[in-house]
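Containing CSV, C-alpha atoms: input.csv.
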chain,number,residue,atom,x,y,z
A,518,MET,CA,6.9,24.2,-73.1
A,519,GLU,CA,5.3,27.6,-72.6
A,520,GLU,CA,7.2,30.5,-71.1
A,521,GLU,CA,5.2,30.3,-67.9
A,522,GLN,CA,6.0,26.6,-67.5
A,523,LEU,CA,9.7,27.2,-68.2
A,524,ILE,CA,9.7,30.0,-65.5
A,525,GLN,CA,8.0,27.7,-63.0
A,526,ALA,CA,10.5,24.9,-63.7
A,527,ALA,CA,13.4,27.3,-63.4
A,528,GLN,CA,12.0,28.6,-60.1
A,529,GLN,CA,12.2,25.0,-58.9
A,530,GLY,CA,15.9,25.0,-59.9
A,531,ASP,CA,15.7,23.6,-63.4
A,532,LEU,CA,18.7,25.2,-65.1
A,533,ASP,CA,17.9,23.7,-68.5
A,534,ALA,CA,14.5,25.3,-68.5
A,535,PHE,CA,16.0,28.6,-67.6
A,536,ASN,CA,18.6,28.3,-70.4
A,537,ARG,CA,15.7,27.9,-72.8
A,538,LEU,CA,14.5,31.3,-71.6
A,539,VAL,CA,18.1,32.6,-72.0
A,540,THR,CA,18.1,31.4,-75.6
A,541,SER,CA,14.9,33.3,-76.3
A,542,TYR,CA,15.9,36.5,-74.7
A,543,GLN,CA,19.6,36.8,-75.1
A,544,GLY,CA,19.4,38.8,-78.4
A,545,LEU,CA,17.1,41.3,-76.9
A,546,VAL,CA,19.0,41.6,-73.6
A,547,PHE,CA,22.4,41.9,-75.3
A,548,ASN,CA,21.1,44.6,-77.8
A,549,LEU,CA,19.6,46.6,-75.0
A,550,ALA,CA,22.8,46.5,-73.0
A,551,TYR,CA,24.8,47.4,-76.1
A,552,ARG,CA,22.6,50.4,-77.1
A,553,LEU,CA,22.7,51.7,-73.5
A,554,LEU,CA,26.5,51.2,-73.0
A,555,SER,CA,27.8,51.5,-76.5
A,556,ASP,CA,30.5,49.0,-75.7
A,557,ASP,CA,30.6,45.4,-76.9
A,558,SER,CA,32.5,43.8,-74.0
A,559,ALA,CA,30.7,45.7,-71.3
A,560,ALA,CA,27.4,44.7,-72.9
A,561,GLU,CA,28.5,41.0,-72.9
A,562,ASP,CA,29.4,41.3,-69.2
A,563,ILE,CA,26.1,43.0,-68.2
A,564,THR,CA,24.1,40.4,-70.2
A,565,GLN,CA,25.8,37.5,-68.5
A,566,GLU,CA,25.5,39.1,-65.1
A,567,ALA,CA,21.8,39.9,-65.8
A,568,PHE,CA,21.0,36.3,-66.5
A,569,ILE,CA,22.9,35.0,-63.5
A,570,SER,CA,21.1,37.6,-61.3
A,571,ALA,CA,17.7,36.7,-62.9
A,572,TYR,CA,18.2,33.0,-62.2
A,573,LYS,CA,19.3,33.6,-58.6
A,574,ASN,CA,16.3,36.0,-58.0
A,575,LEU,CA,13.7,34.1,-59.9
A,576,ARG,CA,11.7,33.5,-56.8
A,577,SER,CA,11.1,37.2,-56.6
A,578,TYR,CA,9.4,37.2,-60.0
A,579,ARG,CA,5.7,37.3,-59.2
A,580,GLY,CA,4.1,37.0,-62.6
A,581,GLY,CA,3.4,39.7,-65.2
A,582,SER,CA,5.7,40.4,-68.1
A,583,PHE,CA,8.8,38.3,-67.7
A,584,LYS,CA,10.4,40.2,-70.6
A,585,ALA,CA,9.9,43.5,-68.7
A,586,TRP,CA,11.2,41.9,-65.5
A,587,LEU,CA,14.3,40.7,-67.2
A,588,LEU,CA,15.0,43.9,-69.1
A,589,ARG,CA,14.7,45.8,-65.9
A,590,ILE,CA,17.6,43.8,-64.5
A,591,VAL,CA,19.7,44.6,-67.6
A,592,THR,CA,18.7,48.3,-67.5
A,593,ASN,CA,19.6,48.6,-63.8
A,594,GLY,CA,22.9,46.8,-64.5
A,595,SER,CA,23.6,49.2,-67.4
A,596,TYR,CA,22.9,52.2,-65.2
A,597,ASP,CA,25.3,51.0,-62.6
A,598,GLU,CA,28.0,50.5,-65.3
A,599,LEU,CA,27.4,54.0,-66.6
A,600,ARG,CA,27.7,55.4,-63.1
A,601,ARG,CA,30.9,53.5,-62.6
A,602,ARG,CA,32.3,54.9,-65.8
A,603,GLN,CA,31.4,58.4,-64.7
A,604,ARG,CA,33.4,57.8,-61.5
A,605,ARG,CA,36.3,56.2,-63.4
A,606,PRO,CA,36.4,57.4,-67.0
A,607,GLN,CA,38.2,54.9,-69.3
A,608,THR,CA,40.0,55.3,-72.6
A,609,PRO,CA,38.5,53.0,-75.3
A,610,LEU,CA,40.8,50.3,-76.7
A,611,GLU,CA,39.1,50.4,-80.1
A,612,PRO,CA,41.1,52.1,-82.9
A,613,GLU,CA,40.2,55.7,-83.4
A,614,THR,CA,40.0,58.1,-86.4
A,615,GLN,CA,42.0,61.3,-86.4
A,616,ASP,CA,38.9,63.0,-85.0
A,617,GLY,CA,38.9,60.7,-82.0
A,618,ASP,CA,35.9,58.7,-83.2
A,619,GLU,CA,35.9,55.0,-82.8
A,620,VAL,CA,36.3,53.0,-86.0
A,621,PRO,CA,33.2,50.8,-86.3
A,622,ASP,CA,33.9,47.2,-86.9
A,623,PRO,CA,31.4,46.2,-89.6
A,624,ALA,CA,32.0,42.4,-89.1
A,625,TRP,CA,28.9,42.0,-86.9
A,626,LEU,CA,26.7,43.9,-89.2
A,627,ALA,CA,27.5,41.8,-92.2
A,628,ASP,CA,24.5,40.2,-93.8
A,629,PRO,CA,25.1,37.4,-96.4
A,630,GLY,CA,22.4,38.8,-98.8
A,631,GLU,CA,23.7,42.4,-98.7
A,632,SER,CA,25.8,44.3,-101.2
A,633,PRO,CA,29.0,46.0,-99.9
A,634,GLN,CA,27.3,49.4,-100.5
A,635,GLU,CA,24.3,48.4,-98.4
A,636,LEU,CA,26.6,47.1,-95.7
A,637,ALA,CA,28.5,50.4,-95.7
A,638,GLU,CA,25.3,52.4,-95.4
A,639,ARG,CA,24.1,50.3,-92.5
A,640,VAL,CA,27.5,50.7,-90.8
A,641,GLU,CA,27.2,54.5,-91.2
A,642,LEU,CA,23.6,54.5,-90.0
A,643,ASN,CA,24.5,52.4,-87.0
A,644,ALA,CA,27.4,54.6,-86.0
A,645,ALA,CA,25.4,57.8,-86.4
A,646,ILE,CA,22.5,56.4,-84.3
A,647,GLN,CA,24.9,55.2,-81.6
A,648,ARG,CA,26.8,58.5,-81.5
A,649,CYS,CA,23.6,60.4,-81.0
A,650,LEU,CA,22.3,57.9,-78.4
A,651,ASP,CA,25.5,58.3,-76.4
A,652,GLN,CA,24.8,62.0,-76.1
A,653,LEU,CA,21.5,61.4,-74.2
A,654,GLU,CA,21.3,61.0,-70.4
A,655,ALA,CA,20.8,57.4,-69.4
A,656,GLU,CA,17.0,57.5,-68.7
A,657,PHE,CA,16.3,59.4,-72.0
A,658,ARG,CA,18.5,56.8,-73.8
A,659,ALA,CA,16.7,54.0,-72.2
A,660,ALA,CA,13.2,55.3,-73.2
A,661,VAL,CA,14.1,55.7,-76.8
A,662,VAL,CA,16.0,52.4,-77.0
A,663,LEU,CA,13.1,50.5,-75.4
A,664,VAL,CA,10.4,52.0,-77.5
A,665,ASP,CA,12.0,52.9,-80.8
A,666,VAL,CA,14.9,50.4,-81.2
A,667,GLN,CA,13.4,47.5,-79.3
A,668,GLY,CA,9.8,48.2,-80.3
A,669,MET,CA,8.2,48.0,-76.8
A,670,ASP,CA,5.0,49.9,-76.0
A,671,TYR,CA,4.8,52.6,-73.4
A,672,ALA,CA,3.4,50.4,-70.7
A,673,GLU,CA,6.2,47.8,-71.0
A,674,ALA,CA,8.8,50.5,-71.2
A,675,ALA,CA,7.4,52.1,-68.0
A,676,GLN,CA,7.6,48.7,-66.3
A,677,VAL,CA,11.2,48.3,-67.3
A,678,MET,CA,12.2,51.8,-66.3
A,679,ARG,CA,10.0,51.7,-63.1
A,680,ARG,CA,8.6,55.1,-64.0
A,681,PRO,CA,5.1,56.4,-64.5
A,682,LEU,CA,3.7,56.2,-68.0
A,683,GLY,CA,3.6,60.0,-68.3
A,684,THR,CA,7.3,60.3,-67.4
A,685,VAL,CA,8.2,57.7,-70.1
A,686,LYS,CA,6.1,59.6,-72.7
A,687,SER,CA,7.7,62.9,-71.8
A,688,ARG,CA,11.3,61.4,-71.8
A,689,LEU,CA,10.7,59.7,-75.1
A,690,ALA,CA,9.4,62.8,-76.8
A,691,ARG,CA,12.4,64.9,-75.7
A,692,ALA,CA,14.8,62.1,-76.5
A,693,ARG,CA,13.4,61.8,-80.0
A,694,SER,CA,13.6,65.5,-80.5
A,695,ARG,CA,17.2,65.6,-79.5
A,696,LEU,CA,18.0,62.6,-81.6
A,697,GLN,CA,16.4,64.3,-84.6
A,698,LEU,CA,18.6,67.4,-84.1
A,699,CYS,CA,21.7,65.2,-83.7
A,700,LEU,CA,21.0,62.9,-86.7
A,701,GLN,CA,20.6,66.0,-88.9
A,702,GLY,CA,24.2,66.7,-88.2
A,703,PHE,CA,25.1,63.4,-89.9
A,704,VAL,CA,23.0,64.3,-93.0
A,705,GLU,CA,26.0,64.2,-95.3
A,706,LEU,CA,27.0,60.8,-94.0
A,707,LEU,CA,23.6,59.2,-94.2
A,708,PRO,CA,22.4,57.7,-97.5
A,709,ASP,CA,19.5,59.6,-99.2
A,710,ARG,CA,16.9,57.1,-98.1
A,711,PHE,CA,17.9,57.7,-94.4
A,712,ARG,CA,17.9,61.5,-94.5
A,713,LEU,CA,15.6,63.3,-92.2
A,714,SER,CA,14.8,66.4,-94.2
A,715,THR,CA,11.3,66.5,-95.7
A,716,GLU,CA,12.6,68.1,-98.9
A,717,GLY,CA,13.0,64.8,-100.6
A,718,THR,CA,9.4,63.8,-100.0
A,719,GLN,CA,7.8,66.9,-101.2
B,1402,MET,CA,12.3,71.1,-79.2
B,1403,SER,CA,11.4,70.4,-82.7
B,1404,ASN,CA,10.4,73.3,-85.0
B,1405,GLY,CA,10.1,75.6,-82.1
B,1406,LEU,CA,7.3,73.5,-80.6
B,1407,SER,CA,6.4,73.8,-76.9
B,1408,THR,CA,7.3,70.8,-74.7
B,1409,ARG,CA,3.6,69.9,-74.5
B,1410,ASP,CA,3.1,70.0,-78.2
B,1411,LEU,CA,6.2,67.9,-78.7
B,1412,GLU,CA,4.9,65.3,-76.3
B,1413,TRP,CA,1.5,65.3,-78.1
B,1414,VAL,CA,3.3,64.8,-81.5
B,1415,SER,CA,5.3,62.0,-80.1
B,1416,ALA,CA,2.4,60.3,-78.4
B,1417,TYR,CA,0.2,60.8,-81.5
B,1418,LEU,CA,2.9,59.0,-83.6
B,1419,ASP,CA,2.7,56.0,-81.3
B,1420,ASN,CA,-1.1,56.1,-81.2
B,1421,ALA,CA,-0.9,56.7,-77.5
B,1422,LEU,CA,-3.3,59.7,-77.2
B,1423,PRO,CA,-6.7,59.2,-75.7
B,1424,SER,CA,-9.5,59.4,-78.3
B,1425,GLN,CA,-10.7,62.9,-77.3
B,1426,GLU,CA,-7.2,64.4,-77.3
B,1427,ARG,CA,-6.4,62.6,-80.6
B,1428,ALA,CA,-9.4,64.2,-82.3
B,1429,ALA,CA,-8.5,67.6,-81.0
B,1430,PHE,CA,-4.9,67.1,-82.1
B,1431,GLU,CA,-5.9,66.1,-85.6
B,1432,GLN,CA,-7.9,69.3,-86.0
B,1433,ARG,CA,-4.8,71.2,-85.0
B,1434,LEU,CA,-2.7,69.3,-87.4
B,1435,GLU,CA,-4.9,70.4,-90.3
B,1436,ALA,CA,-4.8,74.0,-89.2
B,1437,GLU,CA,-1.1,74.3,-88.2
B,1438,PRO,CA,1.5,73.4,-90.9
B,1439,ASP,CA,4.4,73.7,-88.4
B,1440,LEU,CA,2.8,71.0,-86.3
B,1441,SER,CA,2.2,68.8,-89.3
B,1442,ASP,CA,5.8,69.3,-90.4
B,1443,ALA,CA,7.1,68.4,-86.9
B,1444,LEU,CA,5.1,65.2,-87.0
B,1445,LYS,CA,6.6,64.2,-90.4
B,1446,GLN,CA,10.1,64.8,-89.2
B,1447,LEU,CA,9.6,63.0,-85.9
B,1448,GLU,CA,8.1,60.1,-87.9
B,1449,ARG,CA,11.2,59.9,-90.1
B,1450,THR,CA,13.4,60.0,-87.0
B,1451,ARG,CA,11.5,57.1,-85.5
B,1452,ALA,CA,11.6,55.2,-88.7
B,1453,LEU,CA,15.4,55.7,-88.8
B,1454,LEU,CA,15.8,54.5,-85.2
B,1455,ARG,CA,13.7,51.4,-86.0
B,1456,ARG,CA,16.1,50.6,-88.8
B,1457,ALA,CA,19.0,50.6,-86.3
B,1458,PRO,CA,20.6,47.2,-86.9
B,1459,GLN,CA,20.2,44.6,-84.2
B,1460,ARG,CA,23.6,43.4,-83.1
B,1461,ARG,CA,24.3,39.7,-83.5
B,1462,VAL,CA,24.8,37.9,-80.1
B,1463,PRO,CA,28.5,37.2,-79.8
B,1464,ARG,CA,28.1,34.0,-77.9
B,1465,SER,CA,25.7,31.9,-75.9
B,1466,PHE,CA,24.8,33.3,-72.5
B,1467,ALA,CA,23.3,30.0,-71.3
B,1468,LEU,CA,24.3,29.4,-67.7
B,1469,ARG,CA,26.5,26.6,-66.4
B,1470,ALA,CA,25.9,25.0,-63.0
B,1471,ASP,CA,29.1,26.5,-61.7
B,1472,MET,CA,28.0,30.0,-62.5
B,1473,VAL,CA,25.0,29.7,-60.2
B,1474,ALA,CA,26.5,27.4,-57.6
B,1475,ALA,CA,26.0,28.6,-54.0
B,1476,PRO,CA,29.0,30.5,-52.7
B,1477,ARG,CA,31.4,28.9,-50.3
B,1478,LYS,CA,30.6,29.0,-46.6
B,1479,ALA,CA,31.4,32.4,-45.3
B,1480,ALA,CA,33.7,31.0,-42.7
B,1481,ALA,CA,36.1,29.7,-45.3
B,1482,GLY,CA,36.6,32.9,-47.2
B,1483,GLY,CA,35.1,35.5,-44.9
B,1484,TRP,CA,35.6,35.7,-41.2
B,1485,ASN,CA,38.4,33.5,-40.0
B,1486,SER,CA,40.4,32.9,-36.8
B,1487,TRP,CA,43.0,35.5,-37.7
B,1488,ASN,CA,40.3,38.2,-37.7
B,1489,LEU,CA,39.5,37.1,-34.2
B,1490,VAL,CA,43.2,37.3,-33.2
B,1491,SER,CA,43.4,40.8,-34.8
B,1492,ALA,CA,40.2,42.0,-33.1
B,1493,ALA,CA,41.2,40.6,-29.6
B,1494,THR,CA,44.7,42.1,-29.9
B,1495,THR,CA,43.3,45.5,-30.8
B,1496,LEU,CA,41.0,45.3,-27.8
B,1497,VAL,CA,43.9,44.6,-25.5
B,1498,LEU,CA,45.9,47.4,-27.1
B,1499,VAL,CA,43.1,49.8,-26.4
B,1500,LEU,CA,42.8,48.7,-22.8
B,1501,VAL,CA,46.6,49.0,-22.3
B,1502,PHE,CA,46.5,52.5,-23.8
B,1503,ALA,CA,43.6,53.5,-21.6
B,1504,GLY,CA,45.5,52.0,-18.6
B,1505,GLU,CA,48.6,54.0,-19.4
B,1506,ILE,CA,46.5,57.2,-19.5
B,1507,TRP,CA,45.0,56.3,-16.2
B,1508,ALA,CA,48.3,55.5,-14.6
B,1509,SER,CA,49.8,58.8,-15.7
B,1510,GLY,CA,47.1,60.5,-13.7
B,1511,MET,CA,45.3,62.1,-16.6
B,1512,PRO,CA,41.5,62.1,-16.3
B,1513,LEU,CA,40.0,59.1,-18.2
B,1514,PHE,CA,36.3,59.5,-19.0
B,1515,GLY,CA,36.1,62.2,-16.3
B,1516,VAL,CA,37.6,60.1,-13.6
B,1517,ALA,CA,41.2,60.8,-12.5
B,1518,ALA,CA,43.4,58.0,-11.1
B,1519,PRO,CA,43.6,58.1,-7.2
B,1520,ALA,CA,47.4,58.4,-7.6
B,1521,ALA,CA,46.9,61.7,-9.3
B,1522,GLU,CA,45.5,63.3,-6.2
B,1523,GLU,CA,47.6,61.5,-3.7
B,1524,ALA,CA,51.0,61.8,-5.4
B,1525,PRO,CA,51.6,65.5,-4.9
B,1526,GLN,CA,50.8,65.3,-1.2
B,1527,ALA,CA,53.0,62.2,-0.7
B,1528,MET,CA,55.8,63.9,-2.5
B,1529,MET,CA,55.5,67.1,-0.4
B,1530,ALA,CA,55.5,65.0,2.8
B,1531,GLN,CA,58.5,63.2,1.7
B,1532,GLU,CA,60.3,66.4,0.8
B,1533,SER,CA,59.5,67.9,4.2
B,1534,ALA,CA,60.8,64.8,5.9
B,1535,GLU,CA,64.0,65.0,3.9
B,1536,ASP,CA,64.3,68.7,4.8
B,1537,LEU,CA,63.9,67.9,8.5
B,1538,THR,CA,66.3,65.0,8.5
B,1539,VAL,CA,69.0,65.9,6.0
B,1540,THR,CA,69.4,69.6,6.8
B,1541,PRO,CA,71.6,69.8,9.9
B,1542,THR,CA,70.6,72.4,12.6
B,1543,PRO,CA,73.2,75.0,13.6
B,1544,THR,CA,73.4,73.4,17.1
B,1545,ASP,CA,74.1,69.9,15.8
B,1546,SER,CA,77.7,68.7,15.7
B,1547,ALA,CA,79.1,67.7,12.3
B,1548,THR,CA,79.4,64.0,13.4
B,1549,GLU,CA,75.9,63.7,14.6
B,1550,GLY,CA,74.6,65.3,11.3
B,1551,ALA,CA,76.7,62.9,9.2
B,1552,GLY,CA,75.4,59.9,11.2
B,1553,GLU,CA,71.8,60.9,10.7
B,1554,ILE,CA,72.2,61.3,7.0
B,1555,GLU,CA,73.7,57.8,6.7
B,1556,LEU,CA,70.9,56.5,8.9
B,1557,HIS,CA,68.2,58.0,6.7
B,1558,ALA,CA,69.9,56.9,3.5
B,1559,GLU,CA,69.8,53.4,4.8
B,1560,GLN,CA,66.1,53.8,5.7
B,1561,ASP,CA,65.4,55.1,2.1
B,1562,GLN,CA,67.2,52.1,0.7
B,1563,GLY,CA,65.1,49.9,2.9
B,1564,ASP,CA,61.9,51.6,1.7
B,1565,ARG,CA,62.9,51.0,-2.0
B,1566,ASN,CA,63.6,47.3,-1.3
B,1567,THR,CA,60.2,47.0,0.4
B,1568,LYS,CA,58.5,48.6,-2.7
B,1569,GLU,CA,60.3,46.3,-5.1
B,1570,ALA,CA,59.3,43.2,-3.1
B,1571,GLY,CA,55.8,44.4,-2.3
B,1572,PRO,CA,52.5,43.4,-4.0
B,1573,PHE,CA,51.9,43.9,-7.7
B,1574,ASP,CA,51.2,47.6,-8.6
B,1575,LEU,CA,49.4,48.0,-11.9
B,1576,ARG,CA,50.3,51.7,-12.1
B,1577,LEU,CA,54.0,51.0,-11.8
B,1578,PHE,CA,53.8,48.1,-14.2
B,1579,LEU,CA,52.1,50.3,-16.8
B,1580,ALA,CA,54.5,53.1,-16.3
B,1581,ASP,CA,57.4,50.8,-17.0
B,1582,TYR,CA,56.0,48.5,-19.7
B,1583,ALA,CA,53.1,50.2,-21.4
B,1584,ARG,CA,55.0,51.5,-24.4
B,1585,PRO,CA,56.8,48.3,-25.4
B,1586,LEU,CA,53.6,46.4,-24.8
B,1587,GLU,CA,51.6,48.7,-27.0
B,1588,PHE,CA,54.2,48.5,-29.7
B,1589,SER,CA,54.1,44.7,-29.7
B,1590,LEU,CA,50.3,44.5,-29.6
B,1591,ALA,CA,50.0,47.0,-32.5
B,1592,ILE,CA,52.4,44.9,-34.6
B,1593,LEU,CA,50.5,41.7,-33.7
B,1594,ALA,CA,47.1,43.3,-34.5
B,1595,ILE,CA,48.3,44.6,-37.9
B,1596,GLY,CA,50.0,41.4,-38.8
B,1597,ALA,CA,47.0,39.2,-37.9
B,1598,GLY,CA,44.7,41.6,-39.8
B,1599,LEU,CA,46.8,41.4,-42.9
B,1600,PHE,CA,47.0,37.7,-42.7
B,1601,ALA,CA,43.2,37.5,-42.3
B,1602,TRP,CA,42.8,39.6,-45.4
B,1603,TRP,CA,45.3,37.4,-47.3
B,1604,ARG,CA,43.3,34.3,-46.2
B,1605,ARG,CA,40.1,35.9,-47.4
B,1606,ARG,CA,41.7,36.6,-50.8
B,1607,ASN,CA,43.2,33.2,-51.1
B,1608,PRO,CA,40.8,30.8,-49.4

For the file at hand, write its structure as structure tokens.
Amino acid sequence: MEEEQLIQAAQQGDLDAFNRLVTSYQGLVFNLAYRLLSDDSAAEDITQEAFISAYKNLRSYRGGSFKAWLLRIVTNGSYDELRRRQRRPQTPLEPETQDGDEVPDPAWLADPGESPQELAERVELNAAIQRCLDQLEAEFRAAVVLVDVQGMDYAEAAQVMRRPLGTVKSRLARARSRLQLCLQGFVELLPDRFRLSTEGTQ
Amino acid sequence: MSNGLSTRDLEWVSAYLDNALPSQERAAFEQRLEAEPDLSDALKQLERTRALLRRAPQRRVPRSFALRADMVAAPRKAAAGGWNSWNLVSAATTLVLVLVFAGEIWASGMPLFGVAAPAAEEAPQAMMAQESAEDLTVTPTPTDSATEGAGEIELHAEQDQGDRNTKEAGPFDLRLFLADYARPLEFSLAILAIGAGLFAWWRRRNP
């Protein structure tokens, strides 16, 4: 069944049809929530709540990009969670290094065809990117995650963020610039092939 | 800002990278790229940053987020877990409490919403009249004999007693009732209102 047909069936109350949409989009939705919240269990909660909310409000979907409509629900849920955290700061339960950094759990990154060194590099890269993303304000983070991490175009990102195209362009440019500066601070940690300096290419 | 670029240049570099510049602006920007090494360098660096971000590993989904029927079932009727009869008891008791409190203020003669109780204006005059009467009857005149004076005092004392008896047996007086019973009544109503409110809250939490 095509996506449009699944949506129509789900709008009539067909939960199985909706769950096929869930299966298609859960990876995207969970990864967006994870990149915005930087927290595994919070991302799980927001993802589940987003799908429940999407199913209950499916009648309000009036066509257009279902992906953008769904990701808007997740993005709004993540913003709410970030605001809640600002009101009530929490101490992470993850183990921390002496510097207060969370120890990344590489289990989820493991790829069967990957050498231990490659895995270690990807863990470092992931931690560096997430640390730098965490330093951005929510809307700047959303712009860069949607376009660069999730590979959406400007128009889709603008739909998700409910912002004019120009605003998304501007936020993306500034977010990239700030991420570039931040990632340069991890230059010693990143493998050569990930380093940002242009020296290696010249 | 990257390489000391202005915000506008930074936006152009970023949009050029994503092929999001209109054709005219794109051509103009490409001319500038050839002429300005700083701009060209900024473009390369931003391109590498974008490439790095695109390499960010996608997190594996920890579980299925497929919905079960119970997750999307309609919530229970509001009456069961929301408004219940104990809310009504609490609200009604609170209303009576407010009325008793207002009545107490009214009975004491204090102005309530700009209107004073009639007793407030009449009471001082009545008291003065009573005091005058007592002065006239109790205080013996120098010409009266001691026996006559004593007799009158006893007579008036009996009349006073008779008046009190008449008052006690007379029609129901709300002011007197409130003066005597408002406080214990308010206390009881407050306890009842709070108790019913707490019980209603508990019922909502444990439907």

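Straight-line separation from atom CA of Ala1429 of chain B to atom CA of Lys1445 of chain B: 18.1 Å.
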
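Each of A:Arg605, A:Arg695, A:Arg679, A:Lys686 was checked against Val1414 of chain B using all atoms listed in the file; the smallest atom-to-atom distance is that of A:Lys686.
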
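For segment 548-560 of chain A, the residues within 9 Å (counting only C-alpha atoms, excluding itself and residues fewer than 6 positions away along the chain) are A:Leu588, A:Val591, A:Thr592, A:Gly594, A:Ser595, A:Tyr596, A:Glu598, A:Leu599, A:Pro609, A:Gln647, A:Arg648, A:Leu650, A:Asp651, A:Ala655, A:Arg658, A:Ala659, A:Val662, A:Leu663, A:Val666, A:Gln667, B:Gln1459, B:Arg1460, B:Arg1461, B:Val1462, B:Pro1463.
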
Selection from above, C-alpha atoms, as a PDB file, in the coordinates of the input, can you write it?
ATOM      1  CA  LEU A 588      15.000  43.900 -69.100  1.00  0.00           C
ATOM      2  CA  VAL A 591      19.700  44.600 -67.600  1.00  0.00           C
ATOM      3  CA  THR A 592      18.700  48.300 -67.500  1.00  0.00           C
ATOM      4  CA  GLY A 594      22.900  46.800 -64.500  1.00  0.00           C
ATOM      5  CA  SER A 595      23.600  49.200 -67.400  1.00  0.00           C
ATOM      6  CA  TYR A 596      22.900  52.200 -65.200  1.00  0.00           C
ATOM      7  CA  GLU A 598      28.000  50.500 -65.300  1.00  0.00           C
ATOM      8  CA  LEU A 599      27.400  54.000 -66.600  1.00  0.00           C
ATOM      9  CA  PRO A 609      38.500  53.000 -75.300  1.00  0.00           C
ATOM     10  CA  GLN A 647      24.900  55.200 -81.600  1.00  0.00           C
ATOM     11  CA  ARG A 648      26.800  58.500 -81.500  1.00  0.00           C
ATOM     12  CA  LEU A 650      22.300  57.900 -78.400  1.00  0.00           C
ATOM     13  CA  ASP A 651      25.500  58.300 -76.400  1.00  0.00           C
ATOM     14  CA  ALA A 655      20.800  57.400 -69.400  1.00  0.00           C
ATOM     15  CA  ARG A 658      18.500  56.800 -73.800  1.00  0.00           C
ATOM     16  CA  ALA A 659      16.700  54.000 -72.200  1.00  0.00           C
ATOM     17  CA  VAL A 662      16.000  52.400 -77.000  1.00  0.00           C
ATOM     18  CA  LEU A 663      13.100  50.500 -75.400  1.00  0.00           C
ATOM     19  CA  VAL A 666      14.900  50.400 -81.200  1.00  0.00           C
ATOM     20  CA  GLN A 667      13.400  47.500 -79.300  1.00  0.00           C
TER      21      GLN A 667
ATOM     22  CA  GLN B1459      20.200  44.600 -84.200  1.00  0.00           C
ATOM     23  CA  ARG B1460      23.600  43.400 -83.100  1.00  0.00           C
ATOM     24  CA  ARG B1461      24.300  39.700 -83.500  1.00  0.00           C
ATOM     25  CA  VAL B1462      24.800  37.900 -80.100  1.00  0.00           C
ATOM     26  CA  PRO B1463      28.500  37.200 -79.800  1.00  0.00           C
TER      27      PRO B1463
END

Item checked: chain B contacts to chain A at 7 Å (only C-alpha atoms) as a PyMOL selection string -> chain B and resi 1402-1403+1411-1412+1415-1416+1446+1449-1451+1453-1455+1457-1462+1466-1468+1473

Notebook entry, point to check: Any idea what the distance is between atom CA of Trp1603 of chain B and atom CA of Arg601 of chain A?
Noted result: 26.5 Å

Next item on the list: Would you work out the distance separating atom CA of Phe1588 of chain B from atom CA of Ala1493 of chain B, expressed in Å to one decimal?
Entry: 15.2 Å

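For the residues B:Ala1470, B:Leu1406, B:Leu1498, B:Leu1434, ranking by smallest atom-to-atom distance to Ile1592 of chain B using only C-alpha atoms places B:Leu1498 first.
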
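Restricting the calculation to only C-alpha atoms, the smallest distance between Ile524 of chain A and any of A:Ile563, A:Ala675, A:Ala571, A:Cys649 is found for A:Ala571.
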
Note to self: Which residues are close to Ala1492 of chain B, i.e. within 9 Å by all atoms listed in the file, leaving aside same-chain residues fewer than 6 positions away? Reply as an MDAnalysis selection string.
What the structure shows: chainID B and resid 1594 1597:1598

Margin query: List the spatial neighbours of Leu1577 of chain B as number ranges by chain - criterion: any atom at most 10 Å away, all atoms listed in the file, same-chain residues fewer than 3 positions off excluded.
Written below: B: 1505, 1508-1509, 1573-1574, 1580-1583

Selection export as a PDB file, keeping the file's coordinate frame, atoms kept: C-alpha atoms:
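Result file follows (again38.pdb):
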ATOM      1  CA  GLU B1505      48.600  54.000 -19.400  1.00  0.00           C
ATOM      2  CA  ALA B1508      48.300  55.500 -14.600  1.00  0.00           C
ATOM      3  CA  SER B1509      49.800  58.800 -15.700  1.00  0.00           C
ATOM      4  CA  PHE B1573      51.900  43.900  -7.700  1.00  0.00           C
ATOM      5  CA  ASP B1574      51.200  47.600  -8.600  1.00  0.00           C
ATOM      6  CA  ALA B1580      54.500  53.100 -16.300  1.00  0.00           C
ATOM      7  CA  ASP B1581      57.400  50.800 -17.000  1.00  0.00           C
ATOM      8  CA  TYR B1582      56.000  48.500 -19.700  1.00  0.00           C
ATOM      9  CA  ALA B1583      53.100  50.200 -21.400  1.00  0.00           C
TER      10      ALA B1583
END
